[in-house]
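Student: coords05.cif is the file, holding mmCIF, C-alpha atoms:
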data_protein
loop_
_atom_site.group_PDB
_atom_site.id
_atom_site.type_symbol
_atom_site.label_atom_id
_atom_site.label_comp_id
_atom_site.auth_asym_id
_atom_site.auth_seq_id
_atom_site.Cartn_x
_atom_site.Cartn_y
_atom_site.Cartn_z
ATOM 1 C CA MET H 27 -175.004 172.412 35.035
ATOM 2 C CA ALA H 28 -177.598 172.350 32.276
ATOM 3 C CA SER H 29 -174.967 171.759 29.623
ATOM 4 C CA LYS H 30 -173.607 168.841 31.639
ATOM 5 C CA GLU H 31 -177.070 167.282 31.747
ATOM 6 C CA ILE H 32 -177.489 167.741 28.009
ATOM 7 C CA ASN H 33 -174.087 166.129 27.402
ATOM 8 C CA ALA H 34 -174.904 163.231 29.684
ATOM 9 C CA ARG H 35 -178.175 162.587 27.903
ATOM 10 C CA SER H 36 -176.994 163.075 24.327
ATOM 11 C CA THR H 37 -175.877 159.987 22.488
ATOM 12 C CA VAL H 38 -173.803 159.711 19.363
ATOM 13 C CA ALA H 39 -175.314 157.329 16.844
ATOM 14 C CA THR H 40 -173.111 154.374 15.980
ATOM 15 C CA PRO H 41 -172.320 154.327 12.266
ATOM 16 C CA THR H 42 -173.903 151.478 10.314
ATOM 17 C CA GLY H 43 -170.482 150.496 9.026
ATOM 18 C CA ALA H 44 -169.387 149.689 12.567
ATOM 19 C CA TRP H 45 -172.148 147.081 12.899
ATOM 20 C CA LEU H 46 -171.152 145.546 9.576
ATOM 21 C CA ILE H 47 -167.514 145.469 10.681
ATOM 22 C CA GLY H 48 -168.635 143.770 13.894
ATOM 23 C CA VAL H 49 -170.537 141.106 11.958
ATOM 24 C CA ALA H 50 -167.592 140.574 9.568
ATOM 25 C CA SER H 51 -165.233 140.283 12.514
ATOM 26 C CA TRP H 52 -167.463 137.661 14.142
ATOM 27 C CA ALA H 53 -167.980 135.715 10.924
ATOM 28 C CA VAL H 54 -164.315 135.497 9.912
ATOM 29 C CA PRO H 55 -161.851 136.017 12.777
ATOM 30 C CA GLY H 56 -159.522 138.912 11.956
ATOM 31 C CA LEU H 57 -161.535 140.203 8.980
ATOM 32 C CA GLY H 58 -162.969 143.204 10.859
ATOM 33 C CA HIS H 59 -159.495 144.579 11.529
ATOM 34 C CA LEU H 60 -158.198 143.766 8.058
ATOM 35 C CA LEU H 61 -161.127 145.664 6.474
ATOM 36 C CA GLN H 62 -160.058 148.688 8.539
ATOM 37 C CA ARG H 63 -156.460 148.276 7.366
ATOM 38 C CA ARG H 64 -155.253 147.247 10.812
ATOM 39 C CA TRP H 65 -153.042 144.638 9.232
ATOM 40 C CA VAL H 66 -150.858 143.648 12.177
ATOM 41 C CA ARG H 67 -153.677 143.537 14.698
ATOM 42 C CA GLY H 68 -155.928 141.699 12.263
ATOM 43 C CA LEU H 69 -153.306 139.065 11.524
ATOM 44 C CA LEU H 70 -152.445 138.628 15.197
ATOM 45 C CA LEU H 71 -156.063 138.361 16.359
ATOM 46 C CA GLY H 72 -157.298 136.339 13.412
ATOM 47 C CA GLY H 73 -154.231 134.107 13.416
ATOM 48 C CA ALA H 74 -154.496 133.382 17.130
ATOM 49 C CA VAL H 75 -158.209 132.518 16.931
ATOM 50 C CA TRP H 76 -157.838 130.373 13.789
ATOM 51 C CA ILE H 77 -154.825 128.504 15.198
ATOM 52 C CA MET H 78 -156.575 127.945 18.510
ATOM 53 C CA PHE H 79 -159.733 126.643 16.828
ATOM 54 C CA LEU H 80 -157.893 124.306 14.457
ATOM 55 C CA LEU H 81 -155.613 123.066 17.236
ATOM 56 C CA GLY H 82 -158.706 122.399 19.328
ATOM 57 C CA LEU H 83 -160.126 120.173 16.611
ATOM 58 C CA ALA H 84 -156.742 118.487 16.047
ATOM 59 C CA LEU H 85 -156.452 117.727 19.767
ATOM 60 C CA GLY H 86 -159.773 115.890 19.655
ATOM 61 C CA GLY H 87 -161.928 118.572 21.232
ATOM 62 C CA HIS H 88 -165.603 118.701 20.456
ATOM 63 C CA LEU H 89 -168.045 121.498 19.751
ATOM 64 C CA PHE H 90 -171.237 121.909 21.744
ATOM 65 C CA ALA H 91 -174.731 122.139 20.285
ATOM 66 C CA ILE H 92 -178.229 122.067 21.719
ATOM 67 C CA SER H 93 -180.255 119.166 20.406
ATOM 68 C CA SER H 94 -184.015 118.687 20.579
ATOM 69 C CA LYS H 95 -183.645 116.151 23.405
ATOM 70 C CA ASP H 96 -181.966 118.730 25.696
ATOM 71 C CA GLN H 97 -184.567 120.213 28.032
ATOM 72 C CA GLY H 98 -184.315 122.530 31.048
ATOM 73 C CA LEU H 99 -180.951 122.320 32.820
ATOM 74 C CA ALA H 100 -179.506 120.059 30.130
ATOM 75 C CA ALA H 101 -180.197 122.763 27.540
ATOM 76 C CA LEU H 102 -178.445 125.313 29.761
ATOM 77 C CA VAL H 103 -175.454 123.017 30.299
ATOM 78 C CA GLN H 104 -175.118 122.585 26.541
ATOM 79 C CA GLY H 105 -176.227 126.119 25.685
ATOM 80 C CA LEU H 106 -173.576 128.123 27.528
ATOM 81 C CA PRO H 107 -170.576 126.371 25.955
ATOM 82 C CA MET H 108 -172.400 126.466 22.630
ATOM 83 C CA ILE H 109 -172.543 130.260 22.877
ATOM 84 C CA ALA H 110 -168.776 130.250 23.502
ATOM 85 C CA ASN H 111 -168.189 127.947 20.506
ATOM 86 C CA LEU H 112 -170.466 130.072 18.341
ATOM 87 C CA GLY H 113 -168.066 132.983 18.828
ATOM 88 C CA ALA H 114 -165.805 131.397 16.216
ATOM 89 C CA GLY H 115 -168.366 132.479 13.612
ATOM 90 C CA LEU H 116 -168.313 130.725 10.258
ATOM 91 C CA LEU H 117 -165.741 128.236 11.547
ATOM 92 C CA TYR H 118 -168.428 126.859 13.870
ATOM 93 C CA ILE H 119 -171.148 127.068 11.227
ATOM 94 C CA PHE H 120 -168.942 125.281 8.682
ATOM 95 C CA CYS H 121 -168.299 122.480 11.193
ATOM 96 C CA TRP H 122 -172.036 122.315 11.911
ATOM 97 C CA ILE H 123 -172.898 122.018 8.211
ATOM 98 C CA ALA H 124 -170.105 119.480 7.625
ATOM 99 C CA ASN H 125 -171.066 117.667 10.859
ATOM 100 C CA THR H 126 -167.426 117.744 11.979
ATOM 101 C CA GLY H 127 -166.111 118.130 15.502
ATOM 102 C CA PHE H 128 -169.351 117.436 17.384
ATOM 103 C CA VAL H 129 -168.391 113.938 18.511
ATOM 104 C CA GLU H 130 -166.805 113.649 21.947
ATOM 105 C CA ASN H 131 -163.402 111.899 21.876
ATOM 106 C CA ALA H 132 -163.027 111.136 25.578
ATOM 107 C CA GLN H 133 -160.578 108.314 24.832
ATOM 108 C CA LEU H 134 -157.979 110.850 23.675
ATOM 109 C CA VAL H 135 -155.657 112.248 26.369
ATOM 110 C CA THR H 136 -155.770 115.689 24.784
ATOM 111 C CA SER H 137 -159.531 115.887 24.215
ATOM 112 C CA GLU H 138 -160.081 118.078 27.292
ATOM 113 C CA TYR H 139 -157.422 120.469 26.037
ATOM 114 C CA GLY H 140 -159.135 120.484 22.662
ATOM 115 C CA ASP H 141 -162.475 121.365 24.278
ATOM 116 C CA LYS H 142 -160.903 124.309 26.097
ATOM 117 C CA PHE H 143 -159.097 125.501 22.985
ATOM 118 C CA LEU H 144 -162.370 125.483 21.019
ATOM 119 C CA LEU H 145 -164.293 127.286 23.766
ATOM 120 C CA VAL H 146 -161.655 129.956 24.298
ATOM 121 C CA ALA H 147 -161.145 130.484 20.540
ATOM 122 C CA GLY H 148 -164.801 131.530 20.352
ATOM 123 C CA LEU H 149 -164.598 133.739 23.424
ATOM 124 C CA LEU H 150 -161.441 135.454 22.185
ATOM 125 C CA ASN H 151 -163.145 136.139 18.870
ATOM 126 C CA TYR H 152 -165.963 137.909 20.729
ATOM 127 C CA LEU H 153 -163.247 140.102 22.268
ATOM 128 C CA ALA H 154 -161.708 140.738 18.831
ATOM 129 C CA MET H 155 -165.171 141.519 17.444
ATOM 130 C CA LEU H 156 -165.798 144.155 20.135
ATOM 131 C CA ASP H 157 -162.361 145.656 19.473
ATOM 132 C CA ALA H 158 -163.068 145.908 15.723
ATOM 133 C CA PHE H 159 -166.488 147.426 16.465
ATOM 134 C CA ASP H 160 -164.998 150.033 18.817
ATOM 135 C CA ILE H 161 -162.385 151.017 16.234
ATOM 136 C CA ALA H 162 -165.039 151.339 13.512
ATOM 137 C CA ALA H 163 -167.278 153.391 15.818
ATOM 138 C CA GLY H 164 -164.367 155.741 16.607
ATOM 139 C CA ARG H 165 -164.234 154.802 20.268
ATOM 140 C CA LYS H 166 -160.770 153.361 20.053
ATOM 141 C CA LYS H 167 -157.666 154.012 17.969
ATOM 142 C CA MET D 18 -144.437 117.426 29.475
ATOM 143 C CA ARG D 19 -147.286 117.325 26.969
ATOM 144 C CA HIS D 20 -149.592 119.046 29.462
ATOM 145 C CA PHE D 21 -147.057 121.808 30.036
ATOM 146 C CA LEU D 22 -146.610 122.280 26.293
ATOM 147 C CA TRP D 23 -150.335 122.674 25.632
ATOM 148 C CA MET D 24 -150.667 125.011 28.587
ATOM 149 C CA ALA D 25 -147.851 127.143 27.147
ATOM 150 C CA VAL D 26 -149.466 127.173 23.686
ATOM 151 C CA PHE D 27 -152.825 128.137 25.222
ATOM 152 C CA ALA D 28 -151.199 130.901 27.290
ATOM 153 C CA ALA D 29 -149.266 132.234 24.288
ATOM 154 C CA LEU D 30 -152.290 132.422 21.966
ATOM 155 C CA THR D 31 -154.482 134.000 24.639
ATOM 156 C CA ALA D 32 -151.748 136.496 25.519
ATOM 157 C CA VAL D 33 -151.454 137.507 21.848
ATOM 158 C CA VAL D 34 -155.160 138.379 21.722
ATOM 159 C CA PHE D 35 -155.141 140.164 25.092
ATOM 160 C CA GLY D 36 -152.066 142.127 24.070
ATOM 161 C CA ALA D 37 -153.513 143.030 20.654
ATOM 162 C CA VAL D 38 -156.757 144.461 22.067
ATOM 163 C CA ALA D 39 -155.038 146.322 24.918
ATOM 164 C CA LYS D 40 -154.816 150.113 24.934
ATOM 165 C CA GLY D 41 -151.614 152.125 24.753
ATOM 166 C CA THR D 42 -148.567 152.168 22.518
ATOM 167 C CA GLY D 43 -147.156 149.130 20.739
ATOM 168 C CA ARG D 44 -144.567 148.743 23.475
ATOM 169 C CA ASP D 45 -147.270 148.835 26.172
ATOM 170 C CA ARG D 46 -149.195 146.107 24.345
ATOM 171 C CA VAL D 47 -146.173 143.856 24.010
ATOM 172 C CA ILE D 48 -145.366 144.255 27.696
ATOM 173 C CA TYR D 49 -149.000 143.560 28.633
ATOM 174 C CA GLY D 50 -149.065 140.450 26.424
ATOM 175 C CA LEU D 51 -145.866 139.136 28.001
ATOM 176 C CA LYS D 52 -147.280 139.875 31.450
ATOM 177 C CA VAL D 53 -150.477 137.935 30.662
ATOM 178 C CA PHE D 54 -148.417 135.012 29.330
ATOM 179 C CA GLY D 55 -146.248 134.984 32.467
ATOM 180 C CA GLU D 56 -149.289 135.155 34.744
ATOM 181 C CA PHE D 57 -150.990 132.270 32.943
ATOM 182 C CA MET D 58 -147.883 130.100 33.255
ATOM 183 C CA LEU D 59 -147.211 131.007 36.870
ATOM 184 C CA ILE D 60 -150.807 130.490 38.034
ATOM 185 C CA GLY D 61 -151.013 127.241 36.041
ATOM 186 C CA LEU D 62 -147.880 125.888 37.711
ATOM 187 C CA VAL D 63 -148.965 126.978 41.202
ATOM 188 C CA LEU D 64 -152.422 125.407 40.755
ATOM 189 C CA GLY D 65 -150.824 122.264 39.335
ATOM 190 C CA TRP D 66 -148.642 121.813 42.408
ATOM 191 C CA LEU D 67 -151.517 122.598 44.784
ATOM 192 C CA LEU D 68 -153.700 119.961 43.115
ATOM 193 C CA TYR D 69 -150.789 117.496 43.186
ATOM 194 C CA PHE D 70 -150.803 117.527 46.999
ATOM 195 C CA LEU D 71 -154.572 117.292 47.361
ATOM 196 C CA PRO D 72 -155.758 113.711 48.005
ATOM 197 C CA LEU D 73 -158.397 113.651 45.266
ATOM 198 C CA ARG D 74 -158.074 109.953 44.358
#
Go ahead and render the structure in this file as structure tokens.

Tutor:
Amino acid sequence: MASKEINARSTVATPTGAWLIGVASWAVPGLGHLLQRRWVRGLLLGGAVWIMFLLGLALGGHLFAISSKDQGLAALVQGLPMIANLGAGLLYIFCWIANTGFVENAQLVTSEYGDKFLLVAGLLNYLAMLDAFDIAAGRKK
Amino acid sequence: MRHFLWMAVFAALTAVVFGAVAKGTGRDRVIYGLKVFGEFMLIGLVLGWLLYFLPLR
């Protein structure tokens, strides 16, 4: 009984490398797995996220960002999809610096598809990031 | 047709990621990825037909 309580309370510290792998995986989709020599998984995950993001831009989708004029509910409406977009890591930051992909192209038939591709690319990269982190922390093979 | 194509591309890319992060052997992951792809396509088609009959305009 006592040993069970001790086991339940004890925590294994997460190695620092796992956090770095997580950050690398977020910044460049697929990099976290490639650094751990998970070549196939890294190429599949990274490739899927990169293709989805670039297709999203090519389809006329736009990225979300909170501007200074967004207050209250408007900030929330812009903020949630921005968090999803931000999952693409440096891809999003590069677009932000280059001021590319933030203009809405509602006149294009495929712009809604592009929006969804961009949002889901970011969300899928969060999933890939957690997977890379779990592998680095020894929680997953 | 264009809508169906983009839905298929979306489903395929999402299924690749879901399959890659799944647990189990390589075979299990491939089967799971194919299952996710099939589910996306099936649900997309069913919802498409349901919305077609709804008088939204």

Student: Residues of chain D no more than 6 Å from chain H, counting only C-alpha atoms: send them over as a ChimeraX atom specification.

Tutor: /D:30,34,37

Student: Which distance in Å separates atom CA of Thr40 of chain H and atom CA of Ala163 of chain H, to one decimal?

Tutor: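 Taking atom CA of Thr40 of chain H as the start and atom CA of Ala163 of chain H as the end point, the length is 5.9 Å.
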
Student: What residues come out when you apply the PyMOL selection byres ((chain H and resi 51) around 9) to this file, written as a list in words?

Tutor: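 Given this file, the PyMOL selection byres ((chain H and resi 51) around 9) evaluates to Leu46, Ile47, Gly48, Val49, Ala50, Trp52, Ala53, Val54, Pro55, Gly56, Leu57, Gly58, His59, Gly72, Gly115, Asn151, Tyr152, Ala154, Met155, Leu156, Ala158 and Phe159 of chain H.
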
Student: Please, could you write that set of residues out with C-alpha atoms as a PDB file, keeping the file's coordinate frame?

Tutor:
ATOM      1  CA  LEU H  46    -171.152 145.546   9.576  1.00  0.00           C
ATOM      2  CA  ILE H  47    -167.514 145.469  10.681  1.00  0.00           C
ATOM      3  CA  GLY H  48    -168.635 143.770  13.894  1.00  0.00           C
ATOM      4  CA  VAL H  49    -170.537 141.106  11.958  1.00  0.00           C
ATOM      5  CA  ALA H  50    -167.592 140.574   9.568  1.00  0.00           C
ATOM      6  CA  TRP H  52    -167.463 137.661  14.142  1.00  0.00           C
ATOM      7  CA  ALA H  53    -167.980 135.715  10.924  1.00  0.00           C
ATOM      8  CA  VAL H  54    -164.315 135.497   9.912  1.00  0.00           C
ATOM      9  CA  PRO H  55    -161.851 136.017  12.777  1.00  0.00           C
ATOM     10  CA  GLY H  56    -159.522 138.912  11.956  1.00  0.00           C
ATOM     11  CA  LEU H  57    -161.535 140.203   8.980  1.00  0.00           C
ATOM     12  CA  GLY H  58    -162.969 143.204  10.859  1.00  0.00           C
ATOM     13  CA  HIS H  59    -159.495 144.579  11.529  1.00  0.00           C
ATOM     14  CA  GLY H  72    -157.298 136.339  13.412  1.00  0.00           C
ATOM     15  CA  GLY H 115    -168.366 132.479  13.612  1.00  0.00           C
ATOM     16  CA  ASN H 151    -163.145 136.139  18.870  1.00  0.00           C
ATOM     17  CA  TYR H 152    -165.963 137.909  20.729  1.00  0.00           C
ATOM     18  CA  ALA H 154    -161.708 140.738  18.831  1.00  0.00           C
ATOM     19  CA  MET H 155    -165.171 141.519  17.444  1.00  0.00           C
ATOM     20  CA  LEU H 156    -165.798 144.155  20.135  1.00  0.00           C
ATOM     21  CA  ALA H 158    -163.068 145.908  15.723  1.00  0.00           C
ATOM     22  CA  PHE H 159    -166.488 147.426  16.465  1.00  0.00           C
TER      23      PHE H 159
END

Student: Fewer than 3 positions away in the same chain doesn't count, so skip those; otherwise give me all residues within 9 Å of segment 46-62 of chain D, counting all atoms listed in the file, as a PyMOL selection string.

Tutor: chain D and resi 21+24-25+27-43+65-67

Student: Can you pull out every residue within 10 Å of segment 90-96 of chain H, counting all atoms listed in the file, but drop anything in the same chain fewer than 4 positions away, and send it as a PyMOL selection string?

Tutor: chain H and resi 100-112+118+122+127-130+141+144-145

Student: For segment 99-115 of chain H, what centre and edge lengths in Å (one decimal) does the axis-aligned box get once 5 Å is added on each side of all its listed atoms, as AutoDock Vina command-line options?

Tutor:
--center_x -173.4 --center_y 126.5 --center_z 23.2 --size_x 25.1 --size_y 22.9 --size_z 29.2

Student: Go through H:Trp76, H:Glu138, H:Gly82, H:Gly43 and flag the residue nearest Leu116 of chain H, using only C-alpha atoms for the distances.

Tutor: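 Closest residue, counting only C-alpha atoms: H:Trp76.
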
Student: Any idea what the distance is between atom CA of Asp160 of chain H and atom CA of Ala114 of chain H?

Tutor: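 So the two atoms, atom CA of Asp160 of chain H and atom CA of Ala114 of chain H, lie 18.8 Å apart.
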
Student: So how far away is atom CA of Asn131 of chain H from atom CA of Gly87 of chain H, in Å?

Tutor: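 According to the coordinates, atom CA of Gly87 of chain H and atom CA of Asn131 of chain H are separated by 6.9 Å.
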